[in-house]
>>> print(open('input_4.txt').read())   # compact mmCIF, C-alpha atoms
# COMPACT_ATOMS: atom_id res chain seq x y z
CA MET A 3 54.20 30.47 -52.53
CA ARG A 4 53.41 26.82 -51.89
CA ARG A 5 56.15 24.80 -50.26
CA ASP A 6 57.04 21.30 -51.45
CA GLY A 7 54.71 18.74 -49.97
CA GLU A 8 51.99 21.23 -49.23
CA SER A 9 48.61 20.91 -50.93
CA VAL A 10 46.48 23.77 -52.12
CA ASN A 11 42.71 23.70 -51.64
CA LEU A 12 41.32 25.18 -54.82
CA THR A 13 37.67 24.59 -53.87
CA ARG A 14 35.85 27.36 -52.10
CA GLU A 15 32.60 26.65 -50.27
CA ARG A 16 29.67 28.35 -51.96
CA PRO A 17 27.76 30.64 -49.56
CA ARG A 18 24.40 29.18 -48.59
CA GLY A 19 21.32 31.03 -49.73
CA VAL A 20 18.75 32.58 -47.43
CA LEU A 21 15.17 31.42 -46.80
CA ILE A 22 12.75 34.27 -46.06
CA THR A 23 9.11 33.38 -45.43
CA LEU A 24 6.06 35.65 -45.51
CA GLU A 25 3.14 34.74 -43.28
CA GLY A 26 -0.27 36.05 -42.30
CA VAL A 27 -4.00 35.48 -42.18
CA GLU A 28 -6.17 35.48 -45.30
CA GLY A 29 -6.06 38.83 -47.09
CA SER A 30 -3.01 40.08 -45.18
CA GLY A 31 -1.28 41.32 -48.32
CA LYS A 32 1.77 39.07 -48.11
CA THR A 33 1.44 37.85 -51.71
CA THR A 34 1.58 41.42 -53.00
CA GLN A 35 4.57 42.16 -50.80
CA ILE A 36 6.52 39.11 -51.89
CA ARG A 37 6.32 40.25 -55.53
CA ARG A 38 7.49 43.75 -54.64
CA LEU A 39 10.29 42.42 -52.45
CA ALA A 40 11.51 40.05 -55.16
CA ARG A 41 11.67 42.88 -57.68
CA LEU A 42 13.59 45.09 -55.25
CA LEU A 43 16.13 42.40 -54.34
CA ARG A 44 16.78 41.64 -58.00
CA GLU A 45 17.43 45.34 -58.57
CA ASP A 46 19.88 45.15 -55.67
CA GLY A 47 21.75 42.41 -57.51
CA HIS A 48 20.51 39.33 -55.64
CA ARG A 49 19.45 36.10 -57.27
CA VAL A 50 15.89 35.52 -56.08
CA LEU A 51 13.41 32.65 -56.22
CA GLU A 52 9.72 33.30 -55.50
CA THR A 53 7.70 30.28 -54.44
CA ARG A 54 4.69 29.37 -52.32
CA GLU A 55 3.13 26.78 -50.06
CA PRO A 56 1.35 24.57 -50.47
CA GLY A 57 2.83 24.31 -53.95
CA GLY A 58 6.06 25.11 -55.71
CA THR A 59 6.33 21.91 -57.77
CA PRO A 60 3.80 20.20 -60.08
CA LEU A 61 3.10 17.51 -57.50
CA ALA A 62 2.84 20.00 -54.63
CA GLU A 63 0.56 22.24 -56.70
CA ALA A 64 -1.75 19.26 -57.30
CA ILE A 65 -1.92 18.78 -53.52
CA ARG A 66 -2.67 22.50 -53.15
CA ARG A 67 -5.66 22.21 -55.47
CA THR A 68 -6.97 19.31 -53.40
CA LEU A 69 -6.50 21.24 -50.17
CA LEU A 70 -8.22 24.44 -51.31
CA ARG A 71 -11.05 22.97 -53.36
CA SER A 72 -14.44 22.82 -51.65
CA THR A 73 -16.05 19.37 -51.76
CA HIS A 74 -18.98 17.62 -50.13
CA GLU A 75 -16.55 15.43 -48.20
CA ARG A 76 -15.26 17.11 -45.06
CA MET A 77 -11.48 16.87 -44.80
CA ASP A 78 -10.20 15.54 -41.49
CA PRO A 79 -7.73 17.97 -39.85
CA ARG A 80 -5.04 15.28 -39.67
CA CYS A 81 -5.48 14.50 -43.35
CA GLU A 82 -5.18 18.23 -44.11
CA ALA A 83 -1.98 18.53 -42.08
CA LEU A 84 -0.38 15.45 -43.64
CA LEU A 85 -1.18 16.61 -47.17
CA ILE A 86 0.47 19.96 -46.42
CA LEU A 87 3.53 18.21 -45.01
CA ALA A 88 3.75 15.92 -48.05
CA ALA A 89 3.68 18.94 -50.37
CA ARG A 90 6.31 20.69 -48.22
CA SER A 91 8.66 17.73 -48.32
CA GLN A 92 8.52 17.63 -52.12
CA HIS A 93 8.87 21.41 -52.34
CA ILE A 94 11.99 21.46 -50.19
CA ALA A 95 13.63 18.51 -51.93
CA ARG A 96 12.99 19.72 -55.48
CA VAL A 97 13.00 23.51 -55.21
CA ILE A 98 13.99 25.17 -51.95
CA LYS A 99 17.07 23.19 -50.92
CA PRO A 100 18.65 23.18 -54.40
CA ALA A 101 18.13 26.95 -54.60
CA LEU A 102 19.69 27.50 -51.18
CA ASP A 103 22.65 25.32 -52.17
CA ARG A 104 23.20 27.66 -55.14
CA GLY A 105 23.26 30.72 -52.88
CA ILE A 106 19.86 32.05 -53.95
CA VAL A 107 17.54 34.19 -51.79
CA VAL A 108 14.33 32.15 -51.52
CA LEU A 109 11.10 34.04 -50.79
CA CYS A 110 8.35 31.65 -49.77
CA ASP A 111 4.68 32.62 -49.42
CA ARG A 112 3.81 30.58 -46.29
CA PHE A 113 5.87 27.88 -44.62
CA VAL A 114 5.99 26.01 -41.31
CA ASP A 115 4.46 28.83 -39.23
CA SER A 116 1.28 28.64 -41.31
CA THR A 117 0.94 24.93 -40.52
CA LEU A 118 1.32 25.59 -36.81
CA ALA A 119 -1.15 28.48 -36.93
CA TYR A 120 -3.80 26.94 -39.20
CA GLN A 121 -3.66 23.25 -38.34
CA GLY A 122 -2.46 23.72 -34.76
CA TYR A 123 -4.25 26.77 -33.36
CA GLY A 124 -7.04 26.80 -35.96
CA ARG A 125 -7.85 23.09 -36.23
CA GLY A 126 -6.85 22.21 -32.68
CA LEU A 127 -4.15 19.68 -33.53
CA ASP A 128 -1.29 19.23 -31.08
CA VAL A 129 1.31 21.89 -31.90
CA GLY A 130 4.13 19.80 -30.45
CA VAL A 131 3.24 16.89 -32.72
CA LEU A 132 3.04 19.24 -35.71
CA ARG A 133 6.49 20.62 -34.90
CA ARG A 134 7.97 17.10 -34.86
CA LEU A 135 6.23 16.15 -38.11
CA ASN A 136 7.45 19.37 -39.70
CA ARG A 137 11.03 18.62 -38.70
CA PHE A 138 10.68 15.26 -40.42
CA ALA A 139 9.14 16.80 -43.56
CA THR A 140 11.70 19.61 -43.80
CA GLY A 141 14.76 17.65 -42.77
CA GLY A 142 15.29 20.31 -40.11
CA LEU A 143 15.28 23.24 -42.53
CA GLU A 144 14.04 26.45 -40.88
CA PRO A 145 13.49 29.98 -42.20
CA ASP A 146 16.29 32.47 -41.67
CA LEU A 147 13.77 35.31 -41.42
CA SER A 148 9.97 35.40 -41.31
CA LEU A 149 7.74 38.42 -41.92
CA LEU A 150 4.29 38.24 -40.34
CA PHE A 151 1.67 40.61 -41.77
CA ASP A 152 -0.88 41.04 -39.01
CA LEU A 153 -4.32 42.59 -39.29
CA PRO A 154 -7.81 41.98 -37.90
CA VAL A 155 -9.47 38.93 -39.42
CA GLY A 156 -12.51 40.89 -40.59
CA ALA A 157 -10.35 43.31 -42.54
CA GLY A 158 -8.47 40.51 -44.28
CA LEU A 159 -11.60 38.60 -45.29
CA THR A 160 -13.20 41.82 -46.54
CA ARG A 161 -10.16 42.41 -48.75
CA ARG A 162 -10.56 38.96 -50.25
CA GLN A 163 -14.19 39.65 -51.07
CA ARG A 164 -13.59 43.20 -52.30
CA ASN A 165 -10.85 42.08 -54.68
CA LYS A 166 -13.19 39.35 -55.97
CA LEU A 167 -10.54 36.70 -55.50
CA GLU A 168 -11.68 33.13 -55.92
CA GLN A 169 -13.04 31.97 -52.59
CA ASN A 170 -11.44 28.73 -51.44
CA ARG A 171 -12.25 26.26 -48.70
CA LEU A 172 -10.30 28.18 -46.05
CA ASP A 173 -11.99 31.49 -46.90
CA ARG A 174 -15.30 29.90 -45.94
CA GLU A 175 -14.16 28.90 -42.46
CA SER A 176 -15.73 30.61 -39.45
CA ARG A 177 -14.49 33.86 -37.92
CA ARG A 178 -13.69 31.84 -34.82
CA PHE A 179 -11.31 29.67 -36.85
CA HIS A 180 -9.58 32.65 -38.46
CA ASN A 181 -9.26 34.46 -35.12
CA ALA A 182 -7.62 31.36 -33.64
CA VAL A 183 -5.20 31.31 -36.58
CA ARG A 184 -4.31 34.96 -36.02
CA ARG A 185 -3.78 34.36 -32.32
CA GLY A 186 -1.53 31.43 -33.22
CA PHE A 187 0.63 33.53 -35.51
CA LEU A 188 1.07 36.19 -32.82
CA GLU A 189 1.96 33.61 -30.18
CA LEU A 190 4.52 32.06 -32.52
CA ALA A 191 6.01 35.52 -33.10
CA ALA A 192 6.20 36.18 -29.37
CA ARG A 193 8.00 32.89 -28.94
CA GLU A 194 10.61 33.61 -31.65
CA PRO A 195 11.07 37.39 -31.83
CA SER A 196 14.57 37.08 -33.28
CA ARG A 197 13.23 35.30 -36.37
CA ILE A 198 9.65 36.51 -36.81
CA VAL A 199 9.10 40.22 -37.45
CA VAL A 200 5.50 41.42 -37.05
CA LEU A 201 4.31 44.14 -39.41
CA ASP A 202 1.06 46.11 -39.30
CA GLY A 203 -0.90 44.73 -42.25
CA THR A 204 -3.44 47.57 -42.08
CA LYS A 205 -0.87 50.06 -43.39
CA PRO A 206 -0.90 51.10 -47.08
CA ALA A 207 0.93 48.71 -49.40
CA ASP A 208 3.60 51.29 -50.28
CA THR A 209 4.38 51.96 -46.63
CA LEU A 210 4.61 48.26 -45.89
CA ALA A 211 6.88 47.71 -48.89
CA GLU A 212 9.28 50.33 -47.56
CA GLU A 213 9.34 48.70 -44.13
CA VAL A 214 9.86 45.25 -45.63
CA ALA A 215 12.71 46.54 -47.81
CA ALA A 216 14.48 48.08 -44.82
CA ILE A 217 14.13 44.93 -42.70
CA VAL A 218 15.28 42.53 -45.41
CA ARG A 219 18.17 44.68 -46.62
CA ARG A 220 19.43 45.04 -43.06
CA PHE A 221 19.09 41.30 -42.50
CA LEU A 222 20.95 40.44 -45.71
CA ARG A 223 23.78 42.84 -44.85
CA ARG A 224 24.20 41.12 -41.50
CA SER A 225 24.13 37.72 -43.19
CA VAL A 226 26.87 38.76 -45.61
CA ARG A 227 29.05 40.08 -42.78
CA ARG A 228 28.49 36.91 -40.75
CA THR A 229 29.33 34.68 -43.72
CA GLY A 230 32.44 36.72 -44.45
CA ALA A 231 33.64 36.44 -40.86
CA GLN A 232 33.11 32.67 -40.86
CA SER A 233 35.01 32.32 -44.15
CA ALA A 234 37.91 34.36 -42.79
CA SER A 235 38.17 32.18 -39.72
>>> encode(input="input_4.txt", output="structure tokens")
Amino acid sequence: MRRDGESVNLTRERPRGVLITLEGVEGSGKTTQIRRLARLLREDGHRVLETREPGGTPLAEAIRRTLLRSTHERMDPRCEALLILAARSQHIARVIKPALDRGIVVLCDRFVDSTLAYQGYGRGLDVGVLRRLNRFATGGLEPDLSLLFDLPVGAGLTRRQRNKLEQNRLDRESRRFHNAVRRGFLELAAREPSRIVVLDGTKPADTLAEEVAAIVRRFLRRSVRRTGAQSAS
């Protein structure tokens, strides 16, 4: 019972959502896995938002089309990086952050790690500079968990061709470029093993889906326990 003079706080802080990113080279299967994971989490009772980068808002999707469309004008690597960061800033402000504030599980097809791998390791831009620019674009927002689907570059590009997906500007880059991107992803994973989980992208889709489900469910259970403990304290 409340004593005289005491106030009662009737507002309860809403639990923050979770940002899970899926990364990988071209043809790694992450887009298929994000759909399957979203369906599973909804069946588990979670509120889920599926989104992608570059993209996620009308403005960011327009930037995506510019980035992936092949033209006669060669795009400077710095221009490419800055366009991606502009799209990311809009995406976070209009979609990701509001969803996280509502306690939603956000599944994002590519995020900051792709910029470091593609524009840093692939294009040769300074990774340290890219990290600082990303912090500015994201306002410091980082993924809670990242799943990296790794497979040989040749296998991924063959998948793209076999599935007759529309070939974009990045698909037409050299094997050397794509190998540098893959090496970048793996180095990023080695640097942050507590956040980035590497999965074998050569495995069958069903097997991968089971592994992804186990990893994400375990992670979400830990997140719930951690949030509960913080609320209790």
>>> closest_atom_pairs(input="input_4.txt", of="stretch 168-228 of chain A", to="stretch 34-39 of chain A", cutoff="12 Å", atoms="only C-alpha atoms", output="tab-separated table")
residue	atom	partner	partner_atom	distance
A:Leu201	CA	A:Gln35	CA	11.6
A:Gly203	CA	A:Gln35	CA	10.5
A:Pro206	CA	A:Gln35	CA	11.1
A:Ala207	CA	A:Gln35	CA	7.6
A:Asp208	CA	A:Gln35	CA	9.2
A:Thr209	CA	A:Gln35	CA	10.7
A:Leu210	CA	A:Gln35	CA	7.8
A:Ala211	CA	A:Gln35	CA	6.3
A:Glu212	CA	A:Leu39	CA	9.4
A:Glu213	CA	A:Leu39	CA	10.5
A:Val214	CA	A:Leu39	CA	7.4
A:Ala215	CA	A:Leu39	CA	6.7
A:Ala216	CA	A:Leu39	CA	10.4
A:Ile217	CA	A:Leu39	CA	10.8
A:Val218	CA	A:Leu39	CA	8.6
A:Arg219	CA	A:Leu39	CA	10.1
>>> closest_atom_pairs(input="input_4.txt", of="stretch 133-163 of chain A", to="stretch 65-83 of chain A", cutoff="12 Å", atoms="all atoms listed in the file", output="Markdown table")
| residue | atom | partner | partner_atom | distance |
| --- | --- | --- | --- | --- |
| A:Arg133 | CA | A:Ala83 | CA | 11.3 |
| A:Leu135 | CA | A:Ala83 | CA | 9.4 |
| A:Asn136 | CA | A:Ala83 | CA | 9.8 |
| A:Ala139 | CA | A:Ala83 | CA | 11.4 |
>>> residues_around(input="input_4.txt", residues="A:Arg178", least_positions_apart="6", cutoff="10 Å", atoms="only C-alpha atoms", output="ChimeraX atom specification")
/A:124,155,184
>>> residues_around(input="input_4.txt", residues="stretch 27-32 of chain A", least_positions_apart="5", cutoff="9 Å", atoms="all atoms listed in the file", output="count of residues only")
27
>>> residues_around(input="input_4.txt", residues="stretch 120-123 of chain A", least_positions_apart="3", cutoff="6 Å", atoms="all atoms listed in the file", output="list in words")
Ser116, Thr117, Gly126, Leu127, Asp128, Val129, Ala182, Val183 and Gly186 of chain A
>>> atom_distance(input="input_4.txt", atom1="atom CA of A:Gly141", atom2="atom CA of A:Arg185")
27.1 Å
>>> atom_distance(input="input_4.txt", atom1="atom CA of A:Phe221", atom2="atom CA of A:Glu45")
16.7 Å
>>> closest_residue(input="input_4.txt", among="A:His93, A:Arg197, A:Arg134, A:Arg104", to="A:Ala64", atoms="only C-alpha atoms")
A:His93
>>> residues_near_point(input="input_4.txt", point="(12.8, 38.6, -56.9)", cutoff="9 Å", atoms="all atoms listed in the file", output="JSON, numbers by chain")
{"A": [36, 37, 38, 39, 40, 41, 42, 43, 44, 45, 48, 49, 50, 51, 52, 107, 108, 109]}
>>> closest_residue(input="input_4.txt", among="A:Pro56, A:Cys110, A:Pro145, A:Glu194", to="A:Ala88", atoms="all atoms listed in the file")
A:Pro56
>>> atom_distance(input="input_4.txt", atom1="atom CA of A:Ala119", atom2="atom CA of A:Leu190")
8.0 Å
>>> closest_residue(input="input_4.txt", among="A:Gly142, A:Gly156, A:Gly26, A:Pro100", to="A:Ala191", atoms="only C-alpha atoms")
A:Gly26
